[in-house]
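See structure below.
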Amino acid sequence: MLEPYGFSSAVLESLENLLSSDRTVSGKRFESGGYVLFTERDEIVIEEKNSVVRDTMVEVTGPGTYELNGVRIIVEQLDRNPSMPLKQPDGVVVMDASKIGFPFICRSWKQGDWMIPFGMKGKKKISDLFADLKYGHKEKQQAVMIVSDILDEHVSALAGVRIDNGFKVGRTTESIIRITLKTDNQL
């Protein structure tokens, strides 16, 4: 079934060995000349190489609506209302505006990214957070990292999911940044 996609016999053998083993199958990547194959928990995904041109980042200069890889990013700056619940619905994060400030960068995930998730004391790699959240290939591609600088590996937030402990809203917070994500199927 996979031969028409140009995968070599060595790649097909590696894939067969993986699928018939007791090892973790999800998150593996195999390439041919024109295609990439990803293994997920319950499926195999094949995509054409370079079939979708992905943006790598967008600079957020103030409140407004931005887009990155098919994800709409709605950024609001609000005065802190003590009665406002800090626990937000899925797809929304709030951060202390004095700690994040404008401009900031929304970008795709890259190897080496890390954060200190809200409520924790130590660093956690974003790749480990993806594993905890059971993210597949598509979710990883659409994940939006909020960082102060494009080269920064310290992630301020995995937008819509988690914030870094250093950007949490506290008692002295006067203004917040609320970031809401909407994917293509939510628009």
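Chain identifiers are assigned as A, B, and so on, following the order in which chains appear in the structure tokens; residues are numbered from 1 within each chain, and ligands are numbered from 1 in order of appearance.
Every residue of segment 5-155 of chain A with a DSSP assignment of alpha helix (DSSP H), taken from the backbone, is listed as Ser9, Ala10, Val11, Leu12, Glu13, Ser14, Leu15, Glu16, Asn17, Leu18, Leu19, Ser20, Ala97, Ser98, Lys99, Ile100, Ile126, Ser127, Asp128, Leu129, Phe130, Ala131, Asp132, His137, Lys138, Glu139, Lys140, Gln141 and Gln142 of chain A.
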Mind dumping the selected residues with N, CA and C atoms as a PDB file, in the first residue's frame?
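Output below, filename out_38.pdb:
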ATOM      1  N   SER A   9      12.378   0.162   0.574  1.00  0.00           N
ATOM      2  CA  SER A   9      12.121  -1.102   1.265  1.00  0.00           C
ATOM      3  C   SER A   9      12.690  -1.053   2.689  1.00  0.00           C
ATOM      4  N   ALA A  10      13.784  -0.342   2.892  1.00  0.00           N
ATOM      5  CA  ALA A  10      14.366  -0.228   4.232  1.00  0.00           C
ATOM      6  C   ALA A  10      13.419   0.540   5.164  1.00  0.00           C
ATOM      7  N   VAL A  11      12.801   1.610   4.662  1.00  0.00           N
ATOM      8  CA  VAL A  11      11.848   2.383   5.459  1.00  0.00           C
ATOM      9  C   VAL A  11      10.620   1.540   5.767  1.00  0.00           C
ATOM     10  N   LEU A  12      10.129   0.825   4.752  1.00  0.00           N
ATOM     11  CA  LEU A  12       8.949  -0.025   4.956  1.00  0.00           C
ATOM     12  C   LEU A  12       9.242  -1.122   5.979  1.00  0.00           C
ATOM     13  N   GLU A  13      10.445  -1.679   5.931  1.00  0.00           N
ATOM     14  CA  GLU A  13      10.833  -2.706   6.899  1.00  0.00           C
ATOM     15  C   GLU A  13      10.898  -2.115   8.305  1.00  0.00           C
ATOM     16  N   SER A  14      11.464  -0.916   8.436  1.00  0.00           N
ATOM     17  CA  SER A  14      11.523  -0.252   9.749  1.00  0.00           C
ATOM     18  C   SER A  14      10.124   0.015  10.294  1.00  0.00           C
ATOM     19  N   LEU A  15       9.229   0.463   9.417  1.00  0.00           N
ATOM     20  CA  LEU A  15       7.847   0.727   9.816  1.00  0.00           C
ATOM     21  C   LEU A  15       7.162  -0.571  10.256  1.00  0.00           C
ATOM     22  N   GLU A  16       7.357  -1.626   9.480  1.00  0.00           N
ATOM     23  CA  GLU A  16       6.759  -2.923   9.829  1.00  0.00           C
ATOM     24  C   GLU A  16       7.279  -3.413  11.181  1.00  0.00           C
ATOM     25  N   ASN A  17       8.589  -3.297  11.411  1.00  0.00           N
ATOM     26  CA  ASN A  17       9.171  -3.706  12.690  1.00  0.00           C
ATOM     27  C   ASN A  17       8.588  -2.903  13.845  1.00  0.00           C
ATOM     28  N   LEU A  18       8.414  -1.597  13.629  1.00  0.00           N
ATOM     29  CA  LEU A  18       7.848  -0.734  14.664  1.00  0.00           C
ATOM     30  C   LEU A  18       6.416  -1.146  14.988  1.00  0.00           C
ATOM     31  N   LEU A  19       5.609  -1.340  13.959  1.00  0.00           N
ATOM     32  CA  LEU A  19       4.196  -1.661  14.161  1.00  0.00           C
ATOM     33  C   LEU A  19       3.990  -3.035  14.797  1.00  0.00           C
ATOM     34  N   SER A  20       4.904  -3.956  14.559  1.00  0.00           N
ATOM     35  CA  SER A  20       4.757  -5.299  15.125  1.00  0.00           C
ATOM     36  C   SER A  20       5.475  -5.448  16.468  1.00  0.00           C
ATOM     37  N   ALA A  97      -0.149  41.234  32.164  1.00  0.00           N
ATOM     38  CA  ALA A  97       0.299  42.096  31.059  1.00  0.00           C
ATOM     39  C   ALA A  97       1.641  42.746  31.355  1.00  0.00           C
ATOM     40  N   SER A  98       1.929  43.032  32.627  1.00  0.00           N
ATOM     41  CA  SER A  98       3.207  43.674  32.950  1.00  0.00           C
ATOM     42  C   SER A  98       4.380  42.708  32.797  1.00  0.00           C
ATOM     43  N   LYS A  99       4.101  41.410  32.794  1.00  0.00           N
ATOM     44  CA  LYS A  99       5.170  40.422  32.673  1.00  0.00           C
ATOM     45  C   LYS A  99       5.409  39.997  31.230  1.00  0.00           C
ATOM     46  N   ILE A 100       4.365  40.001  30.397  1.00  0.00           N
ATOM     47  CA  ILE A 100       4.545  39.600  28.997  1.00  0.00           C
ATOM     48  C   ILE A 100       4.787  40.824  28.127  1.00  0.00           C
ATOM     49  N   ILE A 126       8.620  21.174  26.182  1.00  0.00           N
ATOM     50  CA  ILE A 126       7.323  21.217  25.517  1.00  0.00           C
ATOM     51  C   ILE A 126       7.029  19.864  24.872  1.00  0.00           C
ATOM     52  N   SER A 127       8.052  19.184  24.363  1.00  0.00           N
ATOM     53  CA  SER A 127       7.835  17.861  23.766  1.00  0.00           C
ATOM     54  C   SER A 127       7.270  16.887  24.808  1.00  0.00           C
ATOM     55  N   ASP A 128       7.714  17.004  26.075  1.00  0.00           N
ATOM     56  CA  ASP A 128       7.171  16.157  27.136  1.00  0.00           C
ATOM     57  C   ASP A 128       5.731  16.565  27.479  1.00  0.00           C
ATOM     58  N   LEU A 129       5.466  17.858  27.438  1.00  0.00           N
ATOM     59  CA  LEU A 129       4.107  18.342  27.665  1.00  0.00           C
ATOM     60  C   LEU A 129       3.170  17.822  26.570  1.00  0.00           C
ATOM     61  N   PHE A 130       3.647  17.829  25.313  1.00  0.00           N
ATOM     62  CA  PHE A 130       2.857  17.261  24.209  1.00  0.00           C
ATOM     63  C   PHE A 130       2.524  15.791  24.485  1.00  0.00           C
ATOM     64  N   ALA A 131       3.511  15.042  24.974  1.00  0.00           N
ATOM     65  CA  ALA A 131       3.280  13.625  25.272  1.00  0.00           C
ATOM     66  C   ALA A 131       2.239  13.481  26.386  1.00  0.00           C
ATOM     67  N   ASP A 132       2.350  14.307  27.430  1.00  0.00           N
ATOM     68  CA  ASP A 132       1.375  14.278  28.528  1.00  0.00           C
ATOM     69  C   ASP A 132      -0.037  14.577  28.028  1.00  0.00           C
ATOM     70  N   HIS A 137       0.477  14.494  15.587  1.00  0.00           N
ATOM     71  CA  HIS A 137       1.233  15.317  14.643  1.00  0.00           C
ATOM     72  C   HIS A 137       0.509  16.633  14.321  1.00  0.00           C
ATOM     73  N   LYS A 138      -0.774  16.573  14.033  1.00  0.00           N
ATOM     74  CA  LYS A 138      -1.522  17.779  13.660  1.00  0.00           C
ATOM     75  C   LYS A 138      -1.584  18.782  14.808  1.00  0.00           C
ATOM     76  N   GLU A 139      -1.827  18.301  16.021  1.00  0.00           N
ATOM     77  CA  GLU A 139      -1.885  19.208  17.174  1.00  0.00           C
ATOM     78  C   GLU A 139      -0.535  19.881  17.413  1.00  0.00           C
ATOM     79  N   LYS A 140       0.543  19.138  17.216  1.00  0.00           N
ATOM     80  CA  LYS A 140       1.877  19.729  17.376  1.00  0.00           C
ATOM     81  C   LYS A 140       2.123  20.803  16.329  1.00  0.00           C
ATOM     82  N   GLN A 141       1.683  20.546  15.082  1.00  0.00           N
ATOM     83  CA  GLN A 141       1.866  21.529  14.018  1.00  0.00           C
ATOM     84  C   GLN A 141       1.083  22.800  14.282  1.00  0.00           C
ATOM     85  N   GLN A 142      -0.087  22.670  14.887  1.00  0.00           N
ATOM     86  CA  GLN A 142      -0.923  23.841  15.132  1.00  0.00           C
ATOM     87  C   GLN A 142      -0.663  24.493  16.481  1.00  0.00           C
TER      88      GLN A 142
END
* Can you list, as a ChimeraX atom specification, all residues belonging to segment 89-125 of chain A that DSSP tags as strand (DSSP E or B)? => /A:92-96,104-107,114-115,117,124-125
Could you turn the residues from that selection into a file that holds N, CA and C atoms, as a compact mmCIF listing (two decimals), in the first residue's frame?
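Result saved to out32.txt:
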# COMPACT_ATOMS: atom_id res chain seq x y z
N VAL A 92 -8.15 29.16 25.90
CA VAL A 92 -7.95 30.52 26.41
C VAL A 92 -6.91 30.49 27.53
N VAL A 93 -5.98 31.46 27.51
CA VAL A 93 -5.06 31.66 28.62
C VAL A 93 -5.06 33.13 28.99
N VAL A 94 -4.81 33.42 30.27
CA VAL A 94 -4.64 34.80 30.72
C VAL A 94 -3.26 34.92 31.36
N MET A 95 -2.64 36.07 31.10
CA MET A 95 -1.29 36.31 31.60
C MET A 95 -1.22 37.73 32.16
N ASP A 96 -0.31 37.96 33.09
CA ASP A 96 -0.07 39.29 33.64
C ASP A 96 0.53 40.16 32.54
N PHE A 104 5.18 40.70 21.56
CA PHE A 104 5.65 39.36 21.83
C PHE A 104 5.45 38.54 20.55
N ILE A 105 6.00 37.35 20.53
CA ILE A 105 5.99 36.51 19.33
C ILE A 105 5.10 35.28 19.56
N CYS A 106 4.27 34.97 18.59
CA CYS A 106 3.58 33.69 18.53
C CYS A 106 4.27 32.90 17.42
N ARG A 107 4.72 31.72 17.74
CA ARG A 107 5.45 30.94 16.74
C ARG A 107 5.15 29.45 16.89
N TRP A 114 10.96 24.93 26.17
CA TRP A 114 10.65 24.50 27.52
C TRP A 114 9.88 25.59 28.24
N MET A 115 9.27 25.22 29.35
CA MET A 115 8.59 26.18 30.22
C MET A 115 8.55 25.61 31.63
N PRO A 117 5.60 25.04 33.83
CA PRO A 117 4.14 25.12 33.84
C PRO A 117 3.60 25.68 35.16
N LYS A 124 10.05 22.01 32.16
CA LYS A 124 9.46 20.88 31.45
C LYS A 124 9.60 21.16 29.96
N LYS A 125 10.13 20.20 29.23
CA LYS A 125 10.23 20.35 27.79
C LYS A 125 8.83 20.35 27.19
* Neighbour list for Gly119 of chain A as an NGL selection string, cut-off 10 Å, only C-alpha atoms, skip fewer than 6 positions in-chain -> :A and (163-166 or 168)
Would you save the residues from that selection as a short mmCIF file (atom, residue, chain, number, x, y, z; two decimals), in the first residue's frame, using N, CA and C atoms?
data_model
loop_
_atom_site.label_atom_id
_atom_site.label_comp_id
_atom_site.auth_asym_id
_atom_site.auth_seq_id
_atom_site.Cartn_x
_atom_site.Cartn_y
_atom_site.Cartn_z
N ILE A 163 0.21 28.25 30.81
CA ILE A 163 1.13 29.38 30.88
C ILE A 163 2.32 28.99 31.74
N ASP A 164 3.40 29.72 31.55
CA ASP A 164 4.59 29.56 32.38
C ASP A 164 4.29 30.20 33.74
N ASN A 165 4.79 29.59 34.79
CA ASN A 165 4.54 30.07 36.15
C ASN A 165 4.94 31.53 36.35
N GLY A 166 5.96 32.00 35.63
CA GLY A 166 6.43 33.37 35.78
C GLY A 166 5.50 34.43 35.19
N LYS A 168 2.00 34.23 35.53
CA LYS A 168 0.68 34.07 36.13
C LYS A 168 0.13 35.40 36.64
#
* Return the single residue from A:Ile44, A:Met120, A:Ile177, A:Leu133 that is closest to Pro103 of chain A, with distances computed using only C-alpha atoms. =>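 Among the listed residues, A:Ile177 lies closest to Pro103 of chain A.
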* Asked: So what do you get for atom CA of Val75 of chain A versus atom CA of Trp109 of chain A, distance-wise?
  -> 19.2 Å
* To do: Rank A:Thr173, A:Gln88, A:Gln111, A:Asn69 by their smallest atom-to-atom distance to Val144 of chain A, using only C-alpha atoms, and report the top residue only.
  => A:Asn69
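Between atom CA of Lys121 of chain A and atom CA of Phe102 of chain A there is a distance of 25.8 Å.
The smallest atom-to-atom distance between Val45 of chain A and any of A:Val155, A:Ile146, A:Val161, A:Leu2, using only C-alpha atoms, is found for A:Leu2.
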